[in-house]
$ cat model_10.cif   # mmCIF, C-alpha atoms
data_entry
loop_
_atom_site.label_atom_id
_atom_site.label_comp_id
_atom_site.auth_asym_id
_atom_site.auth_seq_id
_atom_site.Cartn_x
_atom_site.Cartn_y
_atom_site.Cartn_z
CA MET A 22 128.79 105.48 106.56
CA THR A 23 125.20 105.70 107.83
CA LEU A 24 122.27 103.48 106.91
CA ARG A 25 120.87 106.41 104.97
CA GLU A 26 124.08 106.86 102.99
CA ARG A 27 124.34 103.17 102.19
CA SER A 28 120.83 103.12 100.78
CA ALA A 29 121.11 106.34 98.76
CA LYS A 30 119.92 106.21 95.18
CA PRO A 31 122.42 106.45 92.31
CA GLU A 32 122.41 109.96 90.90
CA SER A 33 121.88 109.11 87.24
CA MET A 34 118.07 108.86 87.27
CA ASP A 35 117.55 111.87 89.52
CA ALA A 36 120.06 113.98 87.61
CA PHE A 37 118.39 113.18 84.30
CA PHE A 38 114.92 114.25 85.42
CA GLU A 39 116.26 117.29 87.22
CA ARG A 40 117.69 118.77 84.04
CA GLY A 41 115.95 121.81 82.61
CA PHE A 42 112.31 120.80 82.52
CA GLU A 43 111.60 122.86 79.42
CA GLN A 44 114.12 120.83 77.44
CA LEU A 45 112.55 117.58 78.63
CA LYS A 46 109.15 118.95 77.65
CA GLN A 47 110.42 119.67 74.14
CA ASP A 48 111.92 116.21 73.78
CA TYR A 49 109.04 114.32 75.43
CA PRO A 50 105.82 116.42 75.09
CA SER A 51 103.64 114.33 77.41
CA ILE A 52 105.82 114.88 80.49
CA GLN A 53 104.19 116.69 83.42
CA GLU A 54 105.31 117.61 86.93
CA ILE A 55 102.56 116.88 89.45
CA ASN A 56 102.30 117.55 93.19
CA ALA A 57 100.06 115.13 95.08
CA ALA A 58 98.59 115.58 98.55
CA SER A 59 98.73 112.80 101.12
CA LYS A 60 96.41 109.89 100.24
CA ASP A 61 96.09 111.00 96.59
CA PHE A 62 96.24 108.19 94.04
CA LEU A 63 98.71 108.08 91.17
CA TYR A 64 96.62 105.21 89.84
CA ARG A 65 94.30 102.53 91.21
CA GLN A 66 94.16 98.79 90.85
CA GLY A 67 92.12 97.98 87.75
CA ASP A 68 92.83 101.30 86.02
CA HIS A 69 93.80 101.26 82.35
CA CYS A 70 96.98 103.24 82.96
CA THR A 71 99.11 104.33 79.99
CA TYR A 72 101.58 106.44 81.97
CA VAL A 73 104.96 105.96 83.62
CA PHE A 74 105.71 107.78 86.89
CA TRP A 75 109.06 108.90 88.30
CA ILE A 76 108.94 109.82 91.99
CA LYS A 77 110.66 113.16 92.51
CA SER A 78 110.12 113.41 96.29
CA GLY A 79 108.02 111.80 99.00
CA ILE A 80 106.81 108.25 99.60
CA VAL A 81 104.43 106.19 97.44
CA LYS A 82 102.73 103.03 98.70
CA LEU A 83 102.06 100.16 96.30
CA SER A 84 99.24 97.91 97.47
CA HIS A 85 96.98 95.15 96.17
CA LEU A 86 93.39 94.46 97.19
CA THR A 87 92.58 90.75 97.25
CA THR A 88 89.25 89.26 96.23
CA GLN A 89 88.58 88.73 99.95
CA GLY A 90 88.90 92.48 100.52
CA THR A 91 92.28 92.37 102.25
CA GLU A 92 94.79 95.09 101.37
CA ILE A 93 98.37 93.90 100.98
CA THR A 94 101.14 96.49 100.98
CA ILE A 95 103.61 95.40 98.31
CA ALA A 96 106.28 98.08 98.67
CA LEU A 97 107.06 101.61 99.81
CA LEU A 98 108.78 103.64 97.10
CA ARG A 99 110.77 106.86 97.27
CA LYS A 100 112.69 109.39 95.19
CA GLY A 101 114.08 107.88 91.98
CA ASP A 102 111.71 104.92 91.73
CA VAL A 103 109.80 104.32 88.48
CA ILE A 104 106.35 102.73 88.40
CA GLY A 105 103.30 102.53 86.17
CA HIS A 106 102.76 101.17 82.67
CA LEU A 107 105.99 99.24 82.00
CA GLN A 108 104.76 96.16 80.14
CA GLY A 109 104.31 97.17 76.52
CA ASP A 110 102.17 99.34 74.29
CA SER A 111 98.78 97.78 75.06
CA VAL A 112 96.27 100.35 76.34
CA HIS A 113 94.16 97.47 77.66
CA GLN A 114 96.60 96.60 80.44
CA GLU A 115 94.90 96.78 83.84
CA MET A 116 97.08 97.81 86.76
CA GLU A 117 97.47 95.04 89.31
CA GLU A 118 98.24 97.39 92.19
CA THR A 119 97.31 100.79 93.58
CA ALA A 120 99.87 103.59 93.92
CA GLN A 121 99.03 106.10 96.67
CA ALA A 122 100.91 109.02 98.21
CA LEU A 123 101.98 108.72 101.85
CA GLY A 124 102.34 112.36 102.74
CA GLU A 125 103.02 114.96 100.05
CA VAL A 126 104.57 113.55 96.87
CA SER A 127 106.01 115.19 93.78
CA TYR A 128 106.39 113.16 90.61
CA CYS A 129 106.86 113.34 86.87
CA ARG A 130 104.32 111.58 84.65
CA LEU A 131 104.78 110.79 80.97
CA ALA A 132 103.19 108.59 78.35
CA TYR A 133 104.63 105.13 77.82
CA SER A 134 105.58 106.03 74.24
CA ASP A 135 107.66 108.99 75.43
CA PHE A 136 109.23 106.93 78.20
CA LYS A 137 110.17 104.24 75.67
CA ALA A 138 111.73 106.89 73.42
CA MET A 139 113.61 108.32 76.39
CA LEU A 140 115.16 104.94 77.22
CA SER A 141 116.02 104.35 73.57
CA ASN A 142 117.85 107.67 73.46
CA HIS A 143 119.69 107.23 76.76
CA ALA A 144 121.14 103.76 77.26
CA GLU A 145 122.56 104.56 80.72
CA LEU A 146 119.08 105.55 81.88
CA ALA A 147 117.60 102.31 80.54
CA TRP A 148 120.19 100.30 82.45
CA HIS A 149 119.42 102.22 85.64
CA VAL A 150 115.68 101.53 85.31
CA PHE A 151 116.41 97.85 84.71
CA GLU A 152 118.61 97.62 87.81
CA GLU A 153 116.10 99.42 90.02
CA THR A 154 113.16 97.36 88.77
CA TYR A 155 115.06 94.11 89.30
CA ALA A 156 116.14 95.16 92.79
CA ARG A 157 112.52 95.93 93.72
CA LYS A 158 111.41 92.55 92.35
CA GLN A 159 114.01 90.78 94.48
CA LYS A 160 112.95 92.73 97.57
CA ILE A 161 109.30 91.77 97.04
CA GLU A 162 110.27 88.11 96.58
CA ARG A 163 112.31 88.19 99.81
CA LYS A 164 109.34 89.71 101.60
CA LEU A 165 107.08 86.92 100.30
CA ARG A 166 109.52 84.24 101.47
CA THR A 167 109.71 85.87 104.89
CA ILE A 168 105.92 86.02 105.21
CA LEU A 169 105.61 82.36 104.24
CA THR A 170 108.42 81.01 106.44
CA GLN A 171 108.98 83.32 109.43
CA PRO A 172 106.93 84.04 112.57
CA VAL A 173 105.34 87.46 112.86
CA GLU A 174 107.93 88.89 115.27
CA MET A 175 110.76 88.05 112.86
CA ARG A 176 108.82 89.54 109.94
CA LEU A 177 108.26 92.69 111.94
CA ALA A 178 111.90 92.99 113.03
CA ALA A 179 113.20 92.46 109.48
CA THR A 180 110.72 94.99 108.06
CA LEU A 181 111.63 97.63 110.65
CA LEU A 182 115.33 97.22 109.81
CA GLU A 183 114.54 97.56 106.11
CA LEU A 184 112.50 100.70 106.77
CA ALA A 185 115.39 102.13 108.80
CA GLU A 186 117.74 101.58 105.86
CA MET A 187 115.35 103.29 103.45
CA PHE A 188 113.87 106.08 105.56
CA GLY A 189 115.85 106.30 108.79
CA ILE A 190 117.44 109.48 110.14
CA ARG A 191 119.69 109.60 113.22
CA CYS A 192 117.93 110.06 116.57
CA THR A 193 118.62 109.33 120.26
CA HIS A 194 117.36 105.75 119.92
CA GLY A 195 119.21 104.99 116.69
CA TYR A 196 117.09 105.78 113.64
CA ALA A 197 113.75 107.57 113.38
CA LEU A 198 111.58 106.79 110.40
CA GLU A 199 110.97 109.83 108.20
CA ILE A 200 107.55 108.56 107.24
CA HIS A 201 104.43 108.35 109.36
CA LEU A 202 103.19 104.77 109.57
CA THR A 203 100.22 103.65 111.65
CA GLN A 204 100.23 100.24 113.28
CA GLN A 205 97.78 99.16 110.57
CA ASP A 206 100.25 100.29 107.90
CA VAL A 207 102.98 98.22 109.53
CA ALA A 208 100.63 95.24 109.82
CA ASP A 209 99.78 95.51 106.11
CA LEU A 210 103.49 95.51 105.27
CA ILE A 211 104.12 92.17 106.96
CA GLY A 212 100.82 90.41 106.34
CA ALA A 213 99.66 90.34 109.96
CA SER A 214 96.78 91.70 112.02
CA ARG A 215 97.02 95.07 113.77
CA PRO A 216 96.41 93.67 117.31
CA VAL A 217 99.25 91.17 116.88
CA VAL A 218 101.60 93.86 115.59
CA SER A 219 100.62 96.18 118.46
CA THR A 220 101.47 93.47 121.01
CA ILE A 221 104.87 92.77 119.43
CA LEU A 222 105.71 96.48 119.13
CA ASN A 223 105.01 96.87 122.84
CA ASP A 224 107.24 93.89 123.58
CA PHE A 225 110.04 95.30 121.39
CA ARG A 226 109.75 98.63 123.18
CA ASN A 227 109.96 96.97 126.59
CA ARG A 228 113.11 95.15 125.42
CA GLY A 229 114.76 98.37 124.20
CA MET A 230 114.60 97.53 120.49
CA LEU A 231 112.56 100.59 119.60
CA ASP A 232 110.43 103.41 120.89
CA TYR A 233 107.40 104.95 119.30
CA THR A 234 104.79 107.62 119.68
CA ARG A 235 101.57 108.26 117.82
CA ASP A 236 103.52 110.02 115.08
CA GLN A 237 106.91 108.33 114.88
CA ILE A 238 108.80 105.05 115.25
CA CYS A 239 112.42 105.16 116.49
CA ILE A 240 114.48 102.03 115.92
CA ASN A 241 117.53 100.81 117.84
CA GLY A 242 119.18 99.27 114.80
CA ALA A 243 121.97 97.47 116.67
CA VAL A 244 119.69 95.76 119.18
CA LEU A 245 117.07 94.88 116.56
CA SER A 246 119.75 93.50 114.24
CA ASP A 247 121.17 91.34 117.06
CA PHE A 248 117.66 90.01 117.71
CA CYS A 249 117.29 89.00 114.05
CA HIS A 250 120.66 87.24 113.94
CA THR A 251 120.12 85.26 117.12
CA LYS A 252 116.80 83.78 116.02
#
$ encode --input "model_10.cif" --output "structure tokens"
Amino acid sequence: MTLRERSAKPESMDAFFERGFEQLKQDYPSIQEINAASKDFLYRQGDHCTYVFWIKSGIVKLSHLTTQGTEITIALLRKGDVIGHLQGDSVHQEMEETAQALGEVSYCRLAYSDFKAMLSNHAELAWHVFEETYARKQKIERKLRTILTQPVEMRLAATLLELAEMFGIRCTHGYALEIHLTQQDVADLIGASRPVVSTILNDFRNRGMLDYTRDQICINGAVLSDFCHTK
């Protein structure tokens, strides 16, 4: 079983939204299918968002801008993930993060009231959303612990392995990431500066852990995993 197969999403959420769209529209009138170009925003930090978003295809970046002006990448989301207004009926809720497309993204958007009705009508869907939301919360907490307790090279190695599990496809080096990430994007993911990340990436490449070009990162999963377990 490949890394990609092990990290595949359960089919229940995807299958539900991929039913006949006209029927979903009848049951939940606010639902819309939207195609976003790269760098488009689903919503921004501080917005009064009253929608829920289901990612149909592509990658969405969740980030937070600190009061000091530093952007922190919280998570990278993919097909099947649900984000947006998930904390009650209040229209005064300000979003604490920004959701932005990395590359082309297709998603379904619906009002919180319709999403709530949908979960009430389909208990298995509600359980799936709960599991996925909890798993994402745990992943973010692990990332925070890593940032607070591990040196930058270990944070980078662990993040690259996680990205390989989520977005990796087989290549000559091991796994190539399906998504285009700049060195600044990678630095934002691990809470480090771009020059430091650039130096470590060069070191990893010299040691055979990965290879990269301007457009793609290829990860030697076995070697990188051994590095993590020996530290």
$ closest_residue --input "model_10.cif" --among "A:Met116, A:Leu97, A:Val217, A:Ala147" --to "Lys82 in chain A" --atoms "all atoms listed in the file"
A:Leu97
$ closest_residue --input "model_10.cif" --among "A:Cys129, A:Ile93, A:Ala36, A:Leu83" --to "Gln205 in chain A" --atoms "all atoms listed in the file"
A:Ile93
$ resolve_selection --input "model_10.cif" --expression "the PyMOL selection byres ((chain A and resi 62-75) around 9)" --output "PyMOL selection string"
chain A and resi 38+57-61+76-77+81+84-86+100-107+110-122+127-134+136
$ resolve_selection --input "model_10.cif" --expression "the PyMOL selection byres ((chain A and resi 152-164) around 12)" --output "mmCIF file with C-alpha atoms, keeping the file's coordinate frame"
data_model
loop_
_atom_site.group_PDB
_atom_site.id
_atom_site.type_symbol
_atom_site.label_atom_id
_atom_site.label_comp_id
_atom_site.auth_asym_id
_atom_site.auth_seq_id
_atom_site.Cartn_x
_atom_site.Cartn_y
_atom_site.Cartn_z
ATOM 1 C CA LYS A 30 119.920 106.210 95.180
ATOM 2 C CA PRO A 31 122.420 106.450 92.310
ATOM 3 C CA SER A 33 121.880 109.110 87.240
ATOM 4 C CA MET A 34 118.070 108.860 87.270
ATOM 5 C CA TRP A 75 109.060 108.900 88.300
ATOM 6 C CA LEU A 83 102.060 100.160 96.300
ATOM 7 C CA SER A 84 99.240 97.910 97.470
ATOM 8 C CA ILE A 93 98.370 93.900 100.980
ATOM 9 C CA THR A 94 101.140 96.490 100.980
ATOM 10 C CA ILE A 95 103.610 95.400 98.310
ATOM 11 C CA ALA A 96 106.280 98.080 98.670
ATOM 12 C CA LEU A 97 107.060 101.610 99.810
ATOM 13 C CA LEU A 98 108.780 103.640 97.100
ATOM 14 C CA ARG A 99 110.770 106.860 97.270
ATOM 15 C CA LYS A 100 112.690 109.390 95.190
ATOM 16 C CA GLY A 101 114.080 107.880 91.980
ATOM 17 C CA ASP A 102 111.710 104.920 91.730
ATOM 18 C CA VAL A 103 109.800 104.320 88.480
ATOM 19 C CA ILE A 104 106.350 102.730 88.400
ATOM 20 C CA GLY A 105 103.300 102.530 86.170
ATOM 21 C CA LEU A 107 105.990 99.240 82.000
ATOM 22 C CA GLU A 145 122.560 104.560 80.720
ATOM 23 C CA LEU A 146 119.080 105.550 81.880
ATOM 24 C CA ALA A 147 117.600 102.310 80.540
ATOM 25 C CA TRP A 148 120.190 100.300 82.450
ATOM 26 C CA HIS A 149 119.420 102.220 85.640
ATOM 27 C CA VAL A 150 115.680 101.530 85.310
ATOM 28 C CA PHE A 151 116.410 97.850 84.710
ATOM 29 C CA LEU A 165 107.080 86.920 100.300
ATOM 30 C CA ARG A 166 109.520 84.240 101.470
ATOM 31 C CA THR A 167 109.710 85.870 104.890
ATOM 32 C CA ILE A 168 105.920 86.020 105.210
ATOM 33 C CA LEU A 169 105.610 82.360 104.240
ATOM 34 C CA THR A 170 108.420 81.010 106.440
ATOM 35 C CA GLN A 171 108.980 83.320 109.430
ATOM 36 C CA MET A 175 110.760 88.050 112.860
ATOM 37 C CA ARG A 176 108.820 89.540 109.940
ATOM 38 C CA LEU A 177 108.260 92.690 111.940
ATOM 39 C CA ALA A 179 113.200 92.460 109.480
ATOM 40 C CA THR A 180 110.720 94.990 108.060
ATOM 41 C CA GLU A 183 114.540 97.560 106.110
ATOM 42 C CA LEU A 210 103.490 95.510 105.270
ATOM 43 C CA ILE A 211 104.120 92.170 106.960
ATOM 44 C CA GLY A 212 100.820 90.410 106.340
#
$ closest_residue --input "model_10.cif" --among "A:Ala138, A:Ala178, A:Ala185, A:Thr193" --to "Phe248 in chain A" --atoms "only C-alpha atoms"
A:Ala178
$ atom_distance --input "model_10.cif" --atom1 "CA of Ile200 in chain A" --atom2 "CA of Glu54 in chain A"
22.3 Å
$ closest_residue --input "model_10.cif" --among "A:Asn241, A:Asn56, A:Gln47, A:Ser214" --to "Gly195 in chain A" --atoms "all atoms listed in the file"
A:Asn241
$ resolve_selection --input "model_10.cif" --expression "the PyMOL selection byres ((chain A and resi 49) around 8)" --output "list in words"
Leu45, Lys46, Gln47, Asp48, Pro50, Ser51, Ile52, Leu131, Asp135, Phe136 and Met139 of chain A
$ closest_residue --input "model_10.cif" --among "A:Ile190, A:Val173, A:Leu182, A:Ala197" --to "Gln237 in chain A" --atoms "only C-alpha atoms"
A:Ala197
$ closest_residue --input "model_10.cif" --among "A:Thr91, A:Glu199, A:Glu186, A:Arg191" --to "Leu123 in chain A" --atoms "all atoms listed in the file"
A:Glu199
$ atom_distance --input "model_10.cif" --atom1 "CA of His143 in chain A" --atom2 "CA of Gln108 in chain A"
18.9 Å
$ build_atoms --input "model_10.cif" --residues "range 152-184 of chain A" --atoms "N, CA and C atoms" --output "compact mmCIF listing (two decimals), in the coordinates of the input"
# COMPACT_ATOMS: atom_id res chain seq x y z
N GLU A 152 118.02 97.99 86.53
CA GLU A 152 118.61 97.62 87.81
C GLU A 152 117.65 97.89 88.96
N GLU A 153 117.02 99.06 88.94
CA GLU A 153 116.10 99.42 90.02
C GLU A 153 114.87 98.53 90.03
N THR A 154 114.34 98.22 88.85
CA THR A 154 113.16 97.36 88.77
C THR A 154 113.48 95.95 89.25
N TYR A 155 114.65 95.45 88.87
CA TYR A 155 115.06 94.11 89.30
C TYR A 155 115.28 94.07 90.80
N ALA A 156 115.90 95.11 91.35
CA ALA A 156 116.14 95.16 92.79
C ALA A 156 114.82 95.17 93.56
N ARG A 157 113.82 95.91 93.05
CA ARG A 157 112.52 95.93 93.72
C ARG A 157 111.85 94.56 93.64
N LYS A 158 111.97 93.89 92.49
CA LYS A 158 111.41 92.55 92.35
C LYS A 158 112.04 91.59 93.36
N GLN A 159 113.34 91.65 93.52
CA GLN A 159 114.01 90.78 94.48
C GLN A 159 113.54 91.07 95.90
N LYS A 160 113.38 92.35 96.23
CA LYS A 160 112.95 92.73 97.57
C LYS A 160 111.55 92.19 97.86
N ILE A 161 110.66 92.28 96.86
CA ILE A 161 109.30 91.77 97.04
C ILE A 161 109.32 90.25 97.21
N GLU A 162 110.18 89.56 96.46
CA GLU A 162 110.27 88.11 96.58
C GLU A 162 110.82 87.71 97.95
N ARG A 163 111.80 88.47 98.47
CA ARG A 163 112.31 88.19 99.81
C ARG A 163 111.22 88.39 100.86
N LYS A 164 110.44 89.44 100.67
CA LYS A 164 109.34 89.71 101.60
C LYS A 164 108.34 88.56 101.59
N LEU A 165 108.01 88.04 100.40
CA LEU A 165 107.08 86.92 100.30
C LEU A 165 107.63 85.69 101.00
N ARG A 166 108.92 85.39 100.80
CA ARG A 166 109.52 84.24 101.47
C ARG A 166 109.48 84.40 102.98
N THR A 167 109.74 85.62 103.45
CA THR A 167 109.71 85.87 104.89
C THR A 167 108.31 85.66 105.45
N ILE A 168 107.30 86.18 104.75
CA ILE A 168 105.92 86.02 105.21
C ILE A 168 105.52 84.55 105.28
N LEU A 169 105.99 83.77 104.30
CA LEU A 169 105.61 82.36 104.24
C LEU A 169 106.38 81.48 105.22
N THR A 170 107.56 81.91 105.66
CA THR A 170 108.42 81.01 106.44
C THR A 170 108.77 81.50 107.84
N GLN A 171 108.54 82.78 108.15
CA GLN A 171 108.98 83.32 109.43
C GLN A 171 107.81 83.70 110.32
N PRO A 172 107.98 83.57 111.66
CA PRO A 172 106.93 84.04 112.57
C PRO A 172 106.78 85.55 112.49
N VAL A 173 105.67 86.05 113.01
CA VAL A 173 105.34 87.46 112.86
C VAL A 173 106.41 88.36 113.47
N GLU A 174 106.95 88.00 114.65
CA GLU A 174 107.93 88.89 115.27
C GLU A 174 109.19 89.03 114.43
N MET A 175 109.59 87.96 113.74
CA MET A 175 110.76 88.05 112.86
C MET A 175 110.44 88.88 111.62
N ARG A 176 109.23 88.73 111.09
CA ARG A 176 108.82 89.54 109.94
C ARG A 176 108.80 91.01 110.31
N LEU A 177 108.32 91.30 111.50
CA LEU A 177 108.26 92.69 111.94
C LEU A 177 109.65 93.26 112.15
N ALA A 178 110.53 92.51 112.79
CA ALA A 178 111.90 92.99 113.03
C ALA A 178 112.63 93.24 111.72
N ALA A 179 112.52 92.31 110.77
CA ALA A 179 113.20 92.46 109.48
C ALA A 179 112.65 93.66 108.71
N THR A 180 111.34 93.86 108.77
CA THR A 180 110.72 94.99 108.06
C THR A 180 111.14 96.31 108.68
N LEU A 181 111.21 96.40 109.99
CA LEU A 181 111.63 97.63 110.65
C LEU A 181 113.08 97.98 110.28
N LEU A 182 113.94 96.97 110.22
CA LEU A 182 115.33 97.22 109.81
C LEU A 182 115.39 97.71 108.36
N GLU A 183 114.57 97.13 107.51
CA GLU A 183 114.54 97.56 106.11
C GLU A 183 114.04 99.00 106.00
N LEU A 184 113.02 99.34 106.77
CA LEU A 184 112.50 100.70 106.77
C LEU A 184 113.54 101.69 107.29
